[in-house]
$ cat target.tsv   # TSV, C-alpha atoms
chain	number	residue	atom	x	y	z
A	74	MET	CA	82.03	73.46	66.17
A	75	GLU	CA	82.15	77.12	65.17
A	76	HIS	CA	81.26	79.97	67.54
A	77	LYS	CA	80.45	83.63	66.91
A	78	ILE	CA	80.85	86.35	69.53
A	79	ALA	CA	79.47	89.88	69.67
A	80	PHE	CA	81.09	92.68	71.70
A	81	VAL	CA	79.23	95.14	73.92
A	82	GLY	CA	81.77	97.97	74.12
A	83	PHE	CA	84.80	98.52	71.92
A	84	GLY	CA	87.37	100.32	74.06
A	85	GLY	CA	90.93	99.31	74.85
A	86	MET	CA	90.17	95.94	76.45
A	87	ALA	CA	87.77	94.97	73.68
A	88	GLY	CA	90.50	95.74	71.17
A	89	TRP	CA	92.76	93.33	73.06
A	90	HIS	CA	90.07	90.63	72.87
A	91	TYR	CA	89.58	91.27	69.15
A	92	ARG	CA	93.29	90.84	68.39
A	93	LYS	CA	93.55	87.66	70.47
A	94	LEU	CA	90.48	86.14	68.84
A	95	GLN	CA	92.08	86.53	65.41
A	96	THR	CA	94.60	83.87	66.50
A	97	ILE	CA	92.11	81.33	67.91
A	98	GLU	CA	90.44	78.70	65.76
A	99	HIS	CA	86.69	78.04	65.66
A	100	ILE	CA	85.58	81.44	66.96
A	101	THR	CA	84.96	84.68	65.06
A	102	VAL	CA	83.80	88.17	65.95
A	103	ALA	CA	80.33	88.80	64.52
A	104	GLY	CA	80.25	92.50	65.35
A	105	ILE	CA	80.24	95.18	68.04
A	106	TRP	CA	78.01	97.78	69.62
A	107	ASP	CA	79.29	100.81	71.51
A	108	ILE	CA	77.34	103.88	72.59
A	109	LYS	CA	80.24	106.10	71.47
A	110	LYS	CA	80.32	106.95	67.77
A	111	GLU	CA	84.12	107.20	67.65
A	112	ARG	CA	84.44	103.62	68.82
A	113	ARG	CA	81.85	102.41	66.33
A	114	ASP	CA	83.84	104.22	63.63
A	115	ALA	CA	87.08	102.62	64.84
A	116	ALA	CA	85.50	99.19	64.53
A	117	SER	CA	84.22	99.98	61.03
A	118	GLU	CA	87.72	101.00	59.96
A	119	LEU	CA	88.93	97.55	61.01
A	120	GLY	CA	86.26	95.94	58.90
A	121	ILE	CA	84.18	94.83	61.89
A	122	HIS	CA	80.41	94.76	61.56
A	123	VAL	CA	78.76	97.44	63.72
A	124	TYR	CA	75.28	96.72	65.06
A	125	GLN	CA	72.71	99.50	64.99
A	126	SER	CA	71.88	99.11	68.70
A	127	MET	CA	72.14	96.80	71.66
A	128	GLU	CA	68.80	95.32	70.63
A	129	ASP	CA	70.14	94.70	67.13
A	130	LEU	CA	73.14	92.88	68.60
A	131	LEU	CA	71.01	90.64	70.82
A	132	ALA	CA	68.65	89.82	67.94
A	133	ASP	CA	71.46	88.39	65.78
A	134	PRO	CA	70.65	84.66	65.50
A	135	SER	CA	74.17	83.77	64.34
A	136	THR	CA	75.87	84.56	67.66
A	137	ASP	CA	76.08	82.27	70.67
A	138	LEU	CA	78.39	84.43	72.80
A	139	VAL	CA	78.38	88.03	74.01
A	140	LEU	CA	81.43	89.75	75.50
A	141	LEU	CA	80.77	92.59	77.96
A	142	ALA	CA	83.69	95.01	77.65
A	143	ALA	CA	81.88	98.12	78.86
A	144	PRO	CA	82.18	100.04	82.18
A	145	ASN	CA	81.54	97.96	85.29
A	146	ASP	CA	78.07	99.33	86.01
A	147	VAL	CA	76.89	98.13	82.59
A	148	HIS	CA	77.77	94.49	83.25
A	149	LYS	CA	74.69	93.46	85.23
A	150	PRO	CA	71.93	94.88	82.99
A	151	ALA	CA	73.76	93.83	79.83
A	152	ALA	CA	74.43	90.31	81.12
A	153	ILE	CA	70.81	89.81	82.11
A	154	ALA	CA	69.52	91.16	78.80
A	155	ALA	CA	71.90	88.93	76.83
A	156	MET	CA	70.97	85.76	78.73
A	157	GLU	CA	67.29	86.56	78.45
A	158	ALA	CA	67.90	86.79	74.68
A	159	GLY	CA	69.39	83.29	74.70
A	160	LYS	CA	73.07	84.28	74.57
A	161	ASN	CA	75.95	82.92	76.63
A	162	VAL	CA	77.96	85.69	78.27
A	163	ILE	CA	81.58	86.54	79.06
A	164	SER	CA	81.94	89.55	81.36
A	165	GLU	CA	85.09	91.56	81.81
A	166	LYS	CA	86.24	91.95	85.41
A	167	PRO	CA	85.11	92.97	87.91
A	168	VAL	CA	81.95	91.04	87.17
A	169	THR	CA	79.80	93.82	88.62
A	170	LEU	CA	79.69	96.39	91.42
A	171	ASN	CA	78.84	94.14	94.38
A	172	SER	CA	77.93	90.61	95.45
A	173	ALA	CA	74.19	91.32	95.47
A	174	GLU	CA	74.28	92.17	91.76
A	175	LEU	CA	76.33	89.04	91.08
A	176	ARG	CA	73.66	86.93	92.81
A	177	GLU	CA	71.08	88.40	90.43
A	178	ILE	CA	73.22	87.47	87.43
A	179	ILE	CA	73.76	83.92	88.70
A	180	HIS	CA	70.01	83.52	89.26
A	181	VAL	CA	69.27	84.56	85.66
A	182	SER	CA	71.99	82.21	84.37
A	183	GLN	CA	70.41	79.31	86.24
A	184	ARG	CA	66.89	80.21	85.15
A	185	THR	CA	67.73	80.65	81.47
A	186	GLY	CA	70.27	77.83	81.28
A	187	ARG	CA	72.78	80.18	79.68
A	188	PHE	CA	76.50	79.96	80.43
A	189	PHE	CA	77.95	82.98	82.24
A	190	THR	CA	81.61	83.47	83.07
A	191	VAL	CA	84.14	86.19	83.90
A	192	HIS	CA	87.36	86.97	82.07
A	193	GLN	CA	89.78	86.54	84.98
A	194	ASN	CA	92.67	86.76	82.54
A	195	ARG	CA	95.42	87.24	85.10
A	196	ARG	CA	95.14	83.63	86.13
A	197	TRP	CA	97.41	83.16	83.11
A	198	ASP	CA	100.03	85.70	84.22
A	199	GLU	CA	103.37	83.93	84.28
A	200	ASP	CA	104.57	85.67	87.45
A	201	TYR	CA	101.51	84.29	89.27
A	202	LEU	CA	101.95	80.79	87.83
A	203	THR	CA	105.62	80.86	88.84
A	204	ILE	CA	104.94	81.80	92.48
A	205	LYS	CA	102.20	79.17	92.50
A	206	LYS	CA	104.67	76.52	91.35
A	207	ILE	CA	107.14	77.58	94.07
A	208	LEU	CA	104.47	77.23	96.76
A	209	ASP	CA	102.91	74.04	95.38
A	210	GLU	CA	106.30	72.33	95.30
A	211	GLY	CA	107.17	73.42	98.84
A	212	ARG	CA	110.43	75.02	97.77
A	213	LEU	CA	110.41	77.48	100.68
A	214	GLY	CA	109.32	75.07	103.40
A	215	GLU	CA	106.36	76.17	105.49
A	216	VAL	CA	105.25	79.55	104.14
A	217	PHE	CA	104.28	82.13	106.74
A	218	ARG	CA	104.01	85.36	104.71
A	219	LEU	CA	103.19	86.28	101.14
A	220	GLU	CA	103.19	89.76	99.63
A	221	SER	CA	101.56	90.63	96.29
A	222	ARG	CA	101.81	94.13	94.83
A	223	VAL	CA	101.33	96.17	91.70
A	224	HIS	CA	102.68	99.70	91.68
A	225	GLY	CA	102.47	102.51	89.15
A	226	SER	CA	103.02	106.27	89.20
A	227	ARG	CA	100.43	107.67	86.79
A	228	GLY	CA	97.34	107.74	89.00
A	229	ILE	CA	94.00	106.37	87.83
A	230	PRO	CA	93.32	106.42	84.06
A	231	GLY	CA	91.37	109.52	83.06
A	232	ASP	CA	88.14	107.77	82.15
A	233	TRP	CA	85.16	106.14	83.89
A	234	ARG	CA	87.57	104.40	86.30
A	235	GLN	CA	87.72	107.69	88.22
A	236	GLU	CA	83.98	107.66	88.91
A	237	LYS	CA	82.29	105.68	91.68
A	238	ILE	CA	78.99	105.39	89.83
A	239	HIS	CA	80.72	103.36	87.11
A	240	GLY	CA	82.58	101.13	89.57
A	241	GLY	CA	85.87	102.97	89.51
A	242	GLY	CA	88.76	102.67	91.95
A	243	MET	CA	91.69	100.34	92.37
A	244	ILE	CA	90.00	97.82	94.66
A	245	LEU	CA	87.60	96.86	91.88
A	246	ASP	CA	90.07	97.45	89.03
A	247	TRP	CA	93.20	95.66	90.27
A	248	GLY	CA	92.15	94.18	93.60
A	249	VAL	CA	89.89	91.77	91.74
A	250	HIS	CA	92.97	90.29	90.03
A	251	LEU	CA	95.31	90.11	93.01
A	252	LEU	CA	92.70	88.68	95.36
A	253	ASP	CA	91.61	86.09	92.80
A	254	GLN	CA	95.23	84.95	92.47
A	255	LEU	CA	95.78	84.95	96.23
A	256	LEU	CA	92.76	82.78	97.00
A	257	LEU	CA	93.82	80.27	94.33
A	258	LEU	CA	97.26	80.00	95.94
A	259	PHE	CA	95.62	78.67	99.11
A	260	PRO	CA	92.59	76.72	97.83
A	261	ASP	CA	90.09	75.54	100.42
A	262	VAL	CA	91.80	77.58	103.18
A	263	ALA	CA	89.48	79.97	105.00
A	264	VAL	CA	90.24	83.69	105.23
A	265	GLU	CA	89.89	84.65	108.88
A	266	SER	CA	90.59	88.38	108.95
A	267	VAL	CA	90.93	91.47	106.76
A	268	CYS	CA	92.52	94.77	107.77
A	269	ALA	CA	92.72	97.42	105.06
A	270	SER	CA	93.34	101.06	104.25
A	271	VAL	CA	92.93	103.08	101.06
A	272	THR	CA	94.62	106.12	99.54
A	273	HIS	CA	93.22	109.19	97.80
A	274	VAL	CA	96.41	110.84	96.57
A	275	THR	CA	95.18	111.78	93.09
A	276	ASN	CA	91.44	111.15	93.33
A	277	GLN	CA	88.93	111.94	96.07
A	278	MET	CA	85.94	110.16	94.51
A	279	VAL	CA	87.35	106.62	94.47
A	280	ASP	CA	90.37	104.89	95.96
A	281	ASP	CA	93.55	105.26	93.91
A	282	GLY	CA	95.29	102.58	95.95
A	283	PHE	CA	94.83	100.21	98.87
A	284	THR	CA	96.71	97.94	101.27
A	285	ALA	CA	95.10	94.85	102.79
A	286	GLU	CA	96.49	92.47	105.41
A	287	ILE	CA	94.72	89.14	104.99
A	288	GLY	CA	94.98	86.34	107.54
A	289	PHE	CA	94.41	82.72	106.49
A	290	ALA	CA	93.35	79.88	108.77
A	291	ASN	CA	96.58	78.00	107.97
A	292	GLY	CA	98.63	80.74	109.63
A	293	VAL	CA	99.77	82.48	106.44
A	294	ARG	CA	99.62	86.25	106.60
A	295	SER	CA	99.34	87.99	103.27
A	296	LEU	CA	99.74	91.58	102.18
A	297	VAL	CA	98.00	92.74	99.01
A	298	GLU	CA	98.77	96.24	97.77
A	299	VAL	CA	97.87	98.37	94.77
A	300	GLY	CA	99.37	101.82	94.34
A	301	THR	CA	99.21	104.42	91.59
A	302	SER	CA	101.56	107.04	93.08
A	303	HIS	CA	104.67	104.88	93.57
A	304	PHE	CA	107.71	106.18	91.72
A	305	ILE	CA	109.77	103.27	93.05
A	306	SER	CA	107.98	99.93	92.75
A	307	LEU	CA	108.35	97.19	95.34
A	308	PRO	CA	108.52	93.55	94.16
A	309	ARG	CA	105.53	92.00	92.44
A	310	TRP	CA	105.81	88.96	94.75
A	311	PHE	CA	107.70	88.35	98.00
A	312	ALA	CA	107.26	84.97	99.71
A	313	LEU	CA	108.75	83.97	103.07
A	314	GLY	CA	109.10	80.38	104.23
A	315	ALA	CA	110.90	78.61	107.05
A	316	ASP	CA	113.58	77.36	104.64
A	317	GLY	CA	113.89	80.18	102.15
A	318	THR	CA	112.65	83.36	100.50
A	319	ALA	CA	111.46	83.99	96.95
A	320	VAL	CA	111.19	87.30	95.15
A	321	ILE	CA	109.70	88.09	91.74
A	322	GLU	CA	110.49	91.69	90.91
A	323	ASP	CA	108.22	92.26	87.93
A	324	TRP	CA	106.11	90.78	85.13
A	325	ASN	CA	109.31	89.94	83.26
A	326	LEU	CA	110.09	87.34	85.96
A	327	LYS	CA	113.26	88.92	87.23
A	328	GLY	CA	113.89	87.34	90.61
A	329	ARG	CA	115.41	84.47	92.59
A	330	ILE	CA	114.98	82.00	95.42
A	331	VAL	CA	117.43	82.04	98.36
A	332	LYS	CA	117.46	79.01	100.66
A	333	ALA	CA	119.32	77.65	103.66
A	334	VAL	CA	121.49	74.57	103.09
A	335	GLY	CA	121.26	73.11	106.59
A	336	VAL	CA	124.80	74.04	107.60
A	337	ASN	CA	125.08	75.13	111.22
A	338	GLU	CA	126.24	78.72	111.22
A	339	LYS	CA	128.74	79.61	113.92
A	340	ASP	CA	130.90	82.61	114.64
A	341	VAL	CA	128.58	85.16	113.07
A	342	VAL	CA	130.46	88.31	112.14
A	343	PRO	CA	128.46	91.26	113.55
A	344	VAL	CA	127.35	94.16	111.41
A	345	ILE	CA	128.69	97.47	112.67
A	346	THR	CA	126.07	100.22	112.49
A	347	ALA	CA	126.31	103.86	113.51
A	348	ALA	CA	124.66	103.03	116.84
A	349	GLY	CA	126.29	99.72	117.64
A	350	LEU	CA	126.71	96.06	116.69
A	351	THR	CA	124.10	93.50	115.61
A	352	LYS	CA	124.46	89.77	115.07
A	353	THR	CA	120.75	89.20	114.56
A	354	MET	CA	120.66	91.19	111.33
A	355	ALA	CA	124.10	90.20	110.10
A	356	PRO	CA	124.16	88.53	106.66
A	357	ARG	CA	124.57	84.76	106.49
A	358	ARG	CA	127.85	83.19	105.46
A	359	ALA	CA	127.97	82.21	101.81
A	360	ASP	CA	128.35	78.51	102.63
A	361	THR	CA	125.04	78.44	104.55
A	362	ILE	CA	122.77	79.63	101.73
A	363	TYR	CA	122.37	79.09	98.02
A	364	THR	CA	120.43	80.77	95.24
A	365	GLU	CA	118.08	79.08	92.79
A	366	GLU	CA	116.66	80.43	89.56
A	367	LEU	CA	112.91	80.89	89.43
A	368	PRO	CA	111.04	77.87	87.99
A	369	LYS	CA	109.48	79.99	85.26
A	370	VAL	CA	106.09	78.82	84.00
A	371	ALA	CA	104.88	79.63	80.48
A	372	SER	CA	101.20	80.10	79.66
A	373	ASP	CA	98.79	80.97	76.88
A	374	VAL	CA	95.91	83.28	77.86
A	375	ARG	CA	94.01	82.10	74.77
A	376	ASP	CA	93.27	78.95	76.77
A	377	PHE	CA	90.50	80.99	78.43
A	378	TYR	CA	88.55	81.12	75.17
A	379	ARG	CA	89.39	77.53	74.31
A	380	ASN	CA	87.88	76.52	77.66
A	381	VAL	CA	84.75	78.64	77.05
A	382	MET	CA	84.16	76.88	73.75
A	383	ALA	CA	84.75	73.48	75.34
A	384	VAL	CA	82.19	74.31	78.05
A	385	LEU	CA	79.59	75.29	75.45
A	386	GLU	CA	80.27	72.02	73.62
A	387	GLY	CA	79.96	69.97	76.82
A	388	ARG	CA	83.59	68.81	76.78
A	389	GLU	CA	85.00	70.61	79.85
A	390	GLU	CA	84.06	72.31	83.09
A	391	SER	CA	84.56	76.06	83.32
A	392	LEU	CA	87.99	77.13	84.61
A	393	ILE	CA	86.38	80.21	86.16
A	394	ARG	CA	83.89	79.09	88.80
A	395	LEU	CA	81.23	81.56	89.85
A	396	THR	CA	81.68	80.48	93.49
A	397	GLN	CA	85.28	81.71	93.19
A	398	VAL	CA	84.14	84.96	91.60
A	399	MET	CA	81.61	85.49	94.41
A	400	ARG	CA	84.25	84.87	97.08
A	401	VAL	CA	86.54	87.49	95.53
A	402	MET	CA	83.67	89.97	95.33
A	403	LYS	CA	82.86	89.46	99.01
A	404	LEU	CA	86.53	89.80	99.95
A	405	MET	CA	86.69	93.14	98.12
A	406	GLU	CA	83.62	94.22	100.08
A	407	ALA	CA	85.36	93.23	103.32
A	408	ILE	CA	88.36	95.35	102.31
A	409	ILE	CA	86.07	98.32	101.65
A	410	GLU	CA	84.32	97.79	105.02
A	411	SER	CA	87.63	97.57	106.90
A	412	ALA	CA	88.97	100.73	105.23
A	413	GLU	CA	85.77	102.68	105.95
A	414	THR	CA	85.45	101.58	109.59
A	415	GLY	CA	89.13	101.36	110.52
A	416	ARG	CA	88.48	97.92	111.99
A	417	VAL	CA	89.57	94.35	111.38
A	418	VAL	CA	86.82	92.46	109.57
A	419	LYS	CA	86.21	88.80	110.40
A	420	PHE	CA	85.61	87.09	107.08
A	421	GLU	CA	85.11	83.32	107.02
$ encode --input "target.tsv" --output "structure tokens"
Amino acid sequence: MEHKIAFVGFGGMAGWHYRKLQTIEHITVAGIWDIKKERRDAASELGIHVYQSMEDLLADPSTDLVLLAAPNDVHKPAAIAAMEAGKNVISEKPVTLNSAELREIIHVSQRTGRFFTVHQNRRWDEDYLTIKKILDEGRLGEVFRLESRVHGSRGIPGDWRQEKIHGGGMILDWGVHLLDQLLLLFPDVAVESVCASVTHVTNQMVDDGFTAEIGFANGVRSLVEVGTSHFISLPRWFALGADGTAVIEDWNLKGRIVKAVGVNEKDVVPVITAAGLTKTMAPRRADTIYTEELPKVASDVRDFYRNVMAVLEGREESLIRLTQVMRVMKLMEAIIESAETGRVVKFE
């Protein structure tokens, strides 16, 4: 079965979608609409059909899918208009500005019978899939702490992401990815508490970074952090278990696992510091630990679109469940509440 998709918005992320779709069978780009003339012109130069308006796009009978790749505040009205016009919809992340707006979208999806999903593309990041494999296989023993970070040093991009009215800020921009990954690492485990803070180093209108301590009902304590003024980046992932530690430094999967071998360590040689001796923080003997390579997991982000087409054809269930999307949205709201009030927020 062949599918045709129309784009609402043709900025950087839409360009990424366009290039990926050229390599996927059974789906083609019917055209785009963007309110900015320079982006319409850029599409024309690529040979892409440019609709005359949003209404023109929605009236095209040949399309069964609409991609929303516009600023975050556009997602809700555009999604509702597209579903009312009989189109199925893929929204870029974050799905919208808050959970109340998402409930409206879900209601329209149910009423119209149109499929609605969110492009949570970082579920296919290989660093995430690798840490997931480590945890799923119990390679570290009982995990008690997990840290997930992305750090940069260029501040917020100089576009709508700097403006609150458009849904700017790092909680919505990057938090939506990291929290989605985190909740999938501990499926069906309740989040009990959220304690968060935000930074405004380069931008006073929206957060340009945040740190959230998240407590799970299974005893795992997680730290999620996004920073845009970090000139030295901390590891992408750091996982601590009773039997070992795993670190993934970056998206290129540089890292390792270090584990205990069960050898009783005696006669610890103290570390001599400027202020005295310490055995507690002395390094282990080489014969009591060993290092493993990361069990690297390969992926293909095009599987997102393959799944969307399979859903429309009745062959598969959606990989992106709206209940999961709603939970992430509410967790982001809890982070915002904790940062604004300076209090720990009880979540689930």
$ residues_around --input "target.tsv" --residues "Asp129 in chain A" --least-positions-apart "5" --cutoff "12 Å" --atoms "only C-alpha atoms" --output "VMD selection string"
chain A and resid 79 81 104 to 107 122 to 124 134 to 136 155 158
$ atom_distance --input "target.tsv" --atom1 "CA of Leu350 in chain A" --atom2 "CA of Ile330 in chain A"
28.1 Å
$ closest_residue --input "target.tsv" --among "A:Val297, A:Val374, A:Met382, A:Val341" --to "Ile100 in chain A" --atoms "all atoms listed in the file"
A:Met382
$ closest_residue --input "target.tsv" --among "A:Thr364, A:Lys149, A:Gly387, A:Asp246" --to "Ser172 in chain A" --atoms "all atoms listed in the file"
A:Lys149
$ axis_aligned_box --input "target.tsv" --around "range 202-210 of chain A" --padding-each-side "4 Å" --output "AutoDock Vina command-line options"
--center_x 104.5 --center_y 77.1 --center_z 92.3 --size_x 13.2 --size_y 17.5 --size_z 16.9
$ atom_distance --input "target.tsv" --atom1 "CA of Lys237 in chain A" --atom2 "CA of Pro308 in chain A"
29.0 Å
$ atom_distance --input "target.tsv" --atom1 "CA of His273 in chain A" --atom2 "CA of Leu245 in chain A"
14.8 Å
$ closest_residue --input "target.tsv" --among "A:Arg176, A:His76, A:Lys339, A:Arg184" --to "Met156 in chain A" --atoms "only C-alpha atoms"
A:Arg184
$ closest_atom_pairs --input "target.tsv" --of "range 107-214 of chain A" --to "range 309-322 of chain A" --cutoff "8 Å" --atoms "only C-alpha atoms" --output "JSON lines"
{"residue": "A:Asp200", "atom": "CA", "partner": "A:Ile321", "partner_atom": "CA", "distance": 7.1}
{"residue": "A:Ile204", "atom": "CA", "partner": "A:Trp310", "partner_atom": "CA", "distance": 7.6}
{"residue": "A:Arg212", "atom": "CA", "partner": "A:Gly317", "partner_atom": "CA", "distance": 7.6}
{"residue": "A:Leu213", "atom": "CA", "partner": "A:Gly317", "partner_atom": "CA", "distance": 4.6}
{"residue": "A:Gly214", "atom": "CA", "partner": "A:Asp316", "partner_atom": "CA", "distance": 5.0}
$ closest_residue --input "target.tsv" --among "A:Ile163, A:Ile287, A:Val102, A:Met405" --to "Phe217 in chain A" --atoms "all atoms listed in the file"
A:Ile287
